[in-house]
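Right, one structure below, let's go through it.
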Amino acid sequence: MTKTVFIAAAEPYSGKSLVSLGLINMLLRKTPKVGYFKPIINFEPAEKKDAHIETIIGHFGLPITYDGAYAYTRADAMHLVETDTQGEIIDTIIHKFKALEEHYDFIVVEGSDFLGAGTAFEFDANISIAKNLGAPAILMISGEAKTTNQIVNAALTMLRSFEGREVPVLAIIVNKMPPSEADTVRELLGGQLPAGIVLTVIPENQSLRSPSMQEIQEQLGGKLLLGEHLLSNQVDNFITGAMQVPNFLRRIKENVLIVTPGDRADIILGALQANASANFPKVAGIVLTGDIVPDEYVVRLLEGLETVIPILSVSTGTFLTTTQIGAIQSRISPDNPKKIELAINTFEQYVDVAALEEKLVTFKAEGMTPHMFQYQLMQWAKSQRRHIVLPEGNDDRILRAAARLQQLDVVDLTILGDPTAIAAAVNRLGLNLDLSRIQLLDPAHAPRFAEYAETLYELRKAKNVNLDMARDMMTDVSYFGTMMVYQGHADGMVSGAVHTTQHTIRPALQFIKTKPGVSVVSSVFFMCLPDRVAVFGDCAVNPNPTAEQLAEIAISSAESSLRFGIEPRVAMLSYSSGTSGEGAEVEKVRRATQLVHQLRPDLQVEGPIQYDAAVDPIVGRQKLPDSTVAGQASVLIFPDLNTGNNTYKAVQRETGALAIGPVLQGLNKPVNDLSRGCTVEDVVNTVIITAIQAQG
């Protein structure tokens, strides 16, 4: 399984590229298959390439295309937010990430840069992306222009935000820290962090912060007059050349940028002579202000010199130009290998690499988000294509769902009903549904009608069903669809949009029957909550199960959970937790829990337990401190249908959760029931679930 880490900041220019470079360099010593992904970038690639992506891919020679390393530009992502379709952002990011995941053992994911409008969206989006990718986070805090208390508070606030959304935090890195305050921050923050979080404080490094002449030219929009081959020169400080030459020379420092009006030939020539002299520090470059270029004879003189530093011309005045230069934030770029190496060396000098390595290697993602769950469902369904029958071709929702399923290309379909009426409905609804790729059958006129009726007669004659009765029953779409599944002419059936649960599952109970060792057919809903998927059972079939039936429902639900990629931690729900409660209903749940322990000692199960203690970590620790399930249950088993059905509907309505189901469990072959209030999305999801069940 590919491992992942997410580097997140809450402000621009915090130093994420330093950590990305250091991490990838560290990981490449362990495996050659290291990938890099930055979900949201700042600019359209045609306008400007992302420096982080180019630097990472270029320096390490990663076999990743630029287009493959990102999902959205900031403008595109913000447009989806404004049109209330931000769910599409996560879905696309998951697809792009999964395309990378196939080729790498480890992927470093870098959060967005917080440049421009929409920073509140970005912070929340970064948490959501990390959550949906199942990636632990490394949090970046900038110490620049902050007090010690502000740094500590910013780090703790960011930590709470990520952990509050159940995104594990492996490390916190405070970057650009004034050296005199580094120890204080390390001590104050370290004393307030949970055990196990790796804390790193990196002192500010002028060489990493200093821009190059290339960056200054780009930021100022300056015209390059001379010195193109030295645009990589690093600028550590700058001075204004507005005084006499002797005073000017006295102020020259290493890697200085000189800002002066274009008509100050004395300053220009003095700077070039100082750069050539062994007695003066190196001059990085010159910016000429006021849209004034030197006299042509001065230019000729400059062009004839052996070494000419970069000289830029800008239209702005000297004061505004120096203000703009002072605001420039340098980025590590692919054309600056010295700065790249410095970043990697800084990472290795200050980060406890061994501790972080151990965290990354041993981390195991838990839980599954709704977006990732639906992505996985699609991939599983595509991996072994199955044939599903939909008996209710007279319902518009079924036809809309069929069109969507055909677009997704995940299953083969048979729709039961009058083919002429179905074709007319497709035309009326304006659906893009190719009926030539779908089998349309009217049961009474289907080629296998007589064969199916004969089979039903043989199966049910001991129950006083004669051949005429069997023929009559086979005109019913539920019986016909179920017989298709029984005979292997379809792999599964989905019905219930217009039929009752009893009507849908009665034929399955009569001749598909239950799996060996299973005595009760039950159901689960996959509840897609905002940040996780939980399994609720039984909320649709059994009104008042016995303790033995409840135990069987719990085991079946745990197996369904595992089949769909959710680690089962089973909570047997009741109105009391542990040993505190008494009464027949509590005793039933207690007995059921004991039976699960006996029958399946490999399962994590807790009961009786209240709903809040099952799902809330704080309440769970208070009520059942030694439980491995309390506070983190993924499978919730309700004591009766009244409780289960009302709870799933309350959760669905109050939280906006997507409820996929009911998914029937315990049958030899998959037949699933829809709610009569189902949506098109419900039908699509249930068909995909049924196809996966049919894979075995």
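Within each chain, counting starts at residue 1; across the structure tokens, chains are named A, B, ... in the order shown, with ligands numbered 1 upward in that order.
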
Asn685 in chain A surroundings by only C-alpha atoms, 12 Å radius, close-in-sequence under 6 positions cut, as an NGL selection string:
:A and (370 or 373-378 or 381 or 398 or 401-402 or 404-405 or 408 or 410-411 or 494 or 525-526 or 528 or 658-663 or 672-674 or 678-679 or 691-692)

Dump as a tab-separated table the rows for residues of range 204-292 of chain A within 7 Å of range 312-322 of chain A: closest atom pair and distance in Å with one decimal, only C-alpha atoms counted, ordered by chain and rising residue number.
residue	atom	partner	partner_atom	distance
A:Gly222	CA	A:Val314	CA	4.9
A:Lys223	CA	A:Ser313	CA	5.1
A:Leu224	CA	A:Leu312	CA	4.6
A:Leu225	CA	A:Leu312	CA	5.7
A:Val259	CA	A:Thr318	CA	6.8
A:Thr260	CA	A:Thr318	CA	6.5
A:Pro261	CA	A:Thr318	CA	6.7
A:Ile286	CA	A:Leu312	CA	6.3
A:Val287	CA	A:Leu312	CA	4.7
A:Leu288	CA	A:Ser313	CA	4.7
A:Thr289	CA	A:Val314	CA	5.2
A:Gly290	CA	A:Gly317	CA	4.8
A:Asp291	CA	A:Ser315	CA	4.0

I need the residues from that last selection saved to file as a PDB file, in the first residue's frame (with N, CA, C and O atoms), if you can.
ATOM      1  N   GLY A 222      11.076  44.215 -14.706  1.00  0.00           N
ATOM      2  CA  GLY A 222      12.171  45.043 -15.220  1.00  0.00           C
ATOM      3  C   GLY A 222      12.703  44.569 -16.562  1.00  0.00           C
ATOM      4  O   GLY A 222      12.615  43.392 -16.909  1.00  0.00           O
ATOM      5  N   LYS A 223      13.274  45.503 -17.295  1.00  0.00           N
ATOM      6  CA  LYS A 223      13.912  45.203 -18.580  1.00  0.00           C
ATOM      7  C   LYS A 223      15.388  44.919 -18.325  1.00  0.00           C
ATOM      8  O   LYS A 223      16.086  45.705 -17.673  1.00  0.00           O
ATOM      9  N   LEU A 224      15.869  43.787 -18.817  1.00  0.00           N
ATOM     10  CA  LEU A 224      17.272  43.417 -18.610  1.00  0.00           C
ATOM     11  C   LEU A 224      18.131  44.109 -19.657  1.00  0.00           C
ATOM     12  O   LEU A 224      17.949  43.922 -20.862  1.00  0.00           O
ATOM     13  N   LEU A 225      19.078  44.919 -19.169  1.00  0.00           N
ATOM     14  CA  LEU A 225      19.984  45.624 -20.076  1.00  0.00           C
ATOM     15  C   LEU A 225      21.251  44.817 -20.335  1.00  0.00           C
ATOM     16  O   LEU A 225      21.697  44.700 -21.469  1.00  0.00           O
ATOM     17  N   VAL A 259      20.167  50.076  -5.980  1.00  0.00           N
ATOM     18  CA  VAL A 259      19.012  50.712  -6.615  1.00  0.00           C
ATOM     19  C   VAL A 259      19.359  52.188  -6.789  1.00  0.00           C
ATOM     20  O   VAL A 259      19.609  52.901  -5.813  1.00  0.00           O
ATOM     21  N   THR A 260      19.351  52.649  -8.032  1.00  0.00           N
ATOM     22  CA  THR A 260      19.783  54.027  -8.301  1.00  0.00           C
ATOM     23  C   THR A 260      19.122  54.550  -9.568  1.00  0.00           C
ATOM     24  O   THR A 260      18.769  53.746 -10.449  1.00  0.00           O
ATOM     25  N   PRO A 261      18.897  55.848  -9.675  1.00  0.00           N
ATOM     26  CA  PRO A 261      18.353  56.398 -10.922  1.00  0.00           C
ATOM     27  C   PRO A 261      19.266  56.072 -12.106  1.00  0.00           C
ATOM     28  O   PRO A 261      20.493  55.972 -11.954  1.00  0.00           O
ATOM     29  N   ILE A 286      22.269  45.550 -10.299  1.00  0.00           N
ATOM     30  CA  ILE A 286      21.875  46.954 -10.238  1.00  0.00           C
ATOM     31  C   ILE A 286      20.461  47.085 -10.815  1.00  0.00           C
ATOM     32  O   ILE A 286      20.141  46.463 -11.829  1.00  0.00           O
ATOM     33  N   VAL A 287      19.628  47.906 -10.160  1.00  0.00           N
ATOM     34  CA  VAL A 287      18.308  48.253 -10.690  1.00  0.00           C
ATOM     35  C   VAL A 287      18.291  49.754 -10.929  1.00  0.00           C
ATOM     36  O   VAL A 287      18.506  50.558 -10.003  1.00  0.00           O
ATOM     37  N   LEU A 288      18.045  50.134 -12.190  1.00  0.00           N
ATOM     38  CA  LEU A 288      18.001  51.545 -12.567  1.00  0.00           C
ATOM     39  C   LEU A 288      16.548  52.007 -12.580  1.00  0.00           C
ATOM     40  O   LEU A 288      15.701  51.401 -13.246  1.00  0.00           O
ATOM     41  N   THR A 289      16.240  53.053 -11.834  1.00  0.00           N
ATOM     42  CA  THR A 289      14.857  53.496 -11.654  1.00  0.00           C
ATOM     43  C   THR A 289      14.504  54.679 -12.547  1.00  0.00           C
ATOM     44  O   THR A 289      15.370  55.273 -13.200  1.00  0.00           O
ATOM     45  N   GLY A 290      13.206  55.018 -12.541  1.00  0.00           N
ATOM     46  CA  GLY A 290      12.719  56.212 -13.228  1.00  0.00           C
ATOM     47  C   GLY A 290      12.649  56.071 -14.721  1.00  0.00           C
ATOM     48  O   GLY A 290      12.503  57.071 -15.445  1.00  0.00           O
ATOM     49  N   ASP A 291      12.746  54.857 -15.245  1.00  0.00           N
ATOM     50  CA  ASP A 291      12.690  54.618 -16.692  1.00  0.00           C
ATOM     51  C   ASP A 291      13.780  55.392 -17.432  1.00  0.00           C
ATOM     52  O   ASP A 291      13.598  55.847 -18.570  1.00  0.00           O
TER      53      ASP A 291
END

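Each of A:Lys30, A:Arg386, A:Lys96, A:Lys588 was checked against Met572 in chain A using only C-alpha atoms; the smallest atom-to-atom distance is that of A:Lys588.
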
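Restricting the calculation to only C-alpha atoms, the smallest distance between Tyr104 in chain A and any of A:Lys253, A:Lys513, A:Lys33, A:Lys364 is found for A:Lys33.
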
Using only C-alpha atoms, which protein or nucleic acid residues come within 8 Å of Ala614 in chain A? Drop anything in the same chain fewer than 6 positions from it, and give the result as an MDAnalysis selection string.
chainID A and resid 571 620 629:633

Quick one: DSSP alpha helix (DSSP H) residues in range 474-687 of chain A, as a VMD selection string? chain A and resid 474 477 to 486 501 to 507 547 to 563 584 to 599 611 to 615 617 to 623 641 to 655 680 to 687

For the residues in that selection, give me C-alpha atoms as a compact mmCIF listing (two decimals), in the first residue's frame.
# COMPACT_ATOMS: atom_id res chain seq x y z
CA MET A 474 -43.36 -15.23 -13.11
CA VAL A 477 -41.06 -8.42 -12.19
CA SER A 478 -39.68 -9.23 -8.73
CA TYR A 479 -40.03 -12.98 -9.31
CA PHE A 480 -38.70 -12.75 -12.87
CA GLY A 481 -35.68 -10.62 -11.85
CA THR A 482 -34.90 -12.88 -8.90
CA MET A 483 -35.10 -15.97 -11.16
CA MET A 484 -32.61 -14.34 -13.54
CA VAL A 485 -30.21 -14.10 -10.58
CA TYR A 486 -30.97 -17.65 -9.43
CA THR A 501 -39.30 -4.41 0.93
CA GLN A 502 -41.38 -7.55 1.41
CA HIS A 503 -42.32 -7.68 -2.28
CA THR A 504 -38.66 -7.27 -3.25
CA ILE A 505 -37.08 -9.87 -0.99
CA ARG A 506 -39.84 -12.51 -0.72
CA PRO A 507 -38.78 -14.34 -3.93
CA ALA A 547 -30.07 -12.13 21.00
CA GLU A 548 -28.98 -14.94 18.66
CA GLN A 549 -30.26 -13.08 15.59
CA LEU A 550 -28.68 -9.85 16.79
CA ALA A 551 -25.32 -11.61 17.11
CA GLU A 552 -25.69 -12.97 13.58
CA ILE A 553 -26.61 -9.50 12.28
CA ALA A 554 -23.50 -8.07 13.96
CA ILE A 555 -21.23 -10.71 12.38
CA SER A 556 -22.79 -10.25 8.93
CA SER A 557 -22.48 -6.47 9.25
CA ALA A 558 -18.81 -6.75 10.26
CA GLU A 559 -18.16 -8.94 7.22
CA SER A 560 -19.96 -6.41 4.96
CA SER A 561 -17.88 -3.65 6.50
CA LEU A 562 -14.64 -5.52 5.85
CA ARG A 563 -15.72 -6.40 2.30
CA ALA A 584 -34.68 -7.17 29.26
CA GLU A 585 -33.51 -5.09 26.28
CA VAL A 586 -30.09 -4.45 27.81
CA GLU A 587 -29.72 -8.13 28.67
CA LYS A 588 -30.56 -9.05 25.07
CA VAL A 589 -27.75 -6.84 23.80
CA ARG A 590 -25.37 -8.12 26.47
CA ARG A 591 -26.14 -11.72 25.50
CA ALA A 592 -25.73 -10.92 21.79
CA THR A 593 -22.33 -9.36 22.49
CA GLN A 594 -21.20 -12.48 24.37
CA LEU A 595 -22.29 -14.65 21.43
CA VAL A 596 -20.29 -12.52 18.98
CA HIS A 597 -17.22 -12.92 21.21
CA GLN A 598 -17.72 -16.68 21.22
CA LEU A 599 -18.50 -17.10 17.52
CA TYR A 611 -24.49 5.75 20.70
CA ASP A 612 -22.52 8.73 22.05
CA ALA A 613 -20.00 6.47 23.81
CA ALA A 614 -19.62 4.48 20.59
CA VAL A 615 -18.79 7.41 18.29
CA PRO A 617 -13.83 9.62 21.64
CA ILE A 618 -14.18 11.81 24.75
CA VAL A 619 -17.42 10.19 25.92
CA GLY A 620 -16.08 6.76 25.00
CA ARG A 621 -12.97 7.23 27.17
CA GLN A 622 -15.11 8.42 30.08
CA LYS A 623 -17.61 5.56 30.00
CA LEU A 641 -35.89 -2.02 13.72
CA ASN A 642 -37.72 0.86 15.40
CA THR A 643 -34.47 2.24 16.84
CA GLY A 644 -32.37 1.54 13.74
CA ASN A 645 -34.73 2.91 11.12
CA ASN A 646 -35.45 6.10 13.02
CA THR A 647 -31.78 6.67 13.88
CA TYR A 648 -30.48 6.28 10.34
CA LYS A 649 -33.16 8.65 9.03
CA ALA A 650 -32.49 11.20 11.79
CA VAL A 651 -28.74 11.12 11.12
CA GLN A 652 -29.35 11.36 7.38
CA ARG A 653 -31.69 14.35 7.65
CA GLU A 654 -29.87 16.27 10.38
CA THR A 655 -26.31 15.87 9.03
CA VAL A 680 -31.20 8.55 -8.63
CA GLU A 681 -27.91 8.66 -6.72
CA ASP A 682 -29.27 6.05 -4.29
CA VAL A 683 -30.08 3.73 -7.19
CA VAL A 684 -26.63 4.19 -8.76
CA ASN A 685 -24.82 3.52 -5.49
CA THR A 686 -26.95 0.47 -4.67
CA VAL A 687 -26.36 -1.04 -8.11

Which of range 623-660 of chain A counts as strand (DSSP E or B) under DSSP, as an MDAnalysis selection string please? chainID A and resid 635:637 658:660

With N, CA and C atoms kept, could you save the residues just selected as a compact mmCIF listing (two decimals), in the first residue's frame?
# COMPACT_ATOMS: atom_id res chain seq x y z
N VAL A 635 -18.99 0.11 13.00
CA VAL A 635 -20.19 -0.69 12.73
C VAL A 635 -21.11 -0.56 13.94
N LEU A 636 -22.30 -0.02 13.73
CA LEU A 636 -23.24 0.22 14.83
C LEU A 636 -24.46 -0.67 14.65
N ILE A 637 -24.67 -1.57 15.61
CA ILE A 637 -25.77 -2.53 15.53
C ILE A 637 -26.88 -2.10 16.48
N LEU A 658 -25.13 10.97 3.21
CA LEU A 658 -25.63 10.09 2.16
C LEU A 658 -25.76 8.70 2.76
N ALA A 659 -26.96 8.12 2.68
CA ALA A 659 -27.19 6.77 3.21
C ALA A 659 -27.31 5.81 2.03
N ILE A 660 -26.33 4.94 1.86
CA ILE A 660 -26.36 3.96 0.76
C ILE A 660 -26.95 2.67 1.31

Judged by only C-alpha atoms, the minimum distance to Arg385 in chain A among A:Val671, A:Ile415, A:Ile107, A:Ala694 is found for A:Ala694

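The shell of residues at most 9 Å from Gly196 in chain A, with only C-alpha atoms counted and near chain neighbours (fewer than 3 positions) removed, consists of A:Leu170, A:Ala171, A:Leu193, A:Lys359.
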
Could you write out that same residue set with N, CA, C and O atoms as a short mmCIF file (atom, residue, chain, number, x, y, z; two decimals), in the first residue's frame?
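In the end it all went to again-v4.cif:
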data_model
loop_
_atom_site.label_atom_id
_atom_site.label_comp_id
_atom_site.auth_asym_id
_atom_site.auth_seq_id
_atom_site.Cartn_x
_atom_site.Cartn_y
_atom_site.Cartn_z
N LEU A 170 1.80 14.20 12.47
CA LEU A 170 3.06 13.53 12.80
C LEU A 170 4.10 14.50 13.34
O LEU A 170 4.89 14.14 14.21
N ALA A 171 4.11 15.72 12.81
CA ALA A 171 5.17 16.65 13.18
C ALA A 171 4.69 18.08 13.02
O ALA A 171 3.80 18.37 12.21
N LEU A 193 2.43 19.94 23.51
CA LEU A 193 2.06 19.03 22.43
C LEU A 193 1.80 17.63 22.97
O LEU A 193 2.44 17.19 23.92
N LYS A 359 7.89 7.46 12.20
CA LYS A 359 6.47 7.84 12.17
C LYS A 359 5.85 7.53 10.80
O LYS A 359 4.74 7.01 10.71
#

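Proximity ranking of A:Ser333, A:Thr414, A:Thr157, A:Ser495 relative to Pro211 in chain A places A:Ser333 first, based on only C-alpha atoms.
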
Near-Glu122 in chain A list (12 Å; only C-alpha atoms; drop same-chain fewer than 2 positions) as a PyMOL selection string: chain A and resi 8-12+39-42+73-75+77-78+81+86+89+111-120+124-129

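Straight-line separation from CA of Lys176 in chain A to CA of Gly143 in chain A: 5.2 Å.
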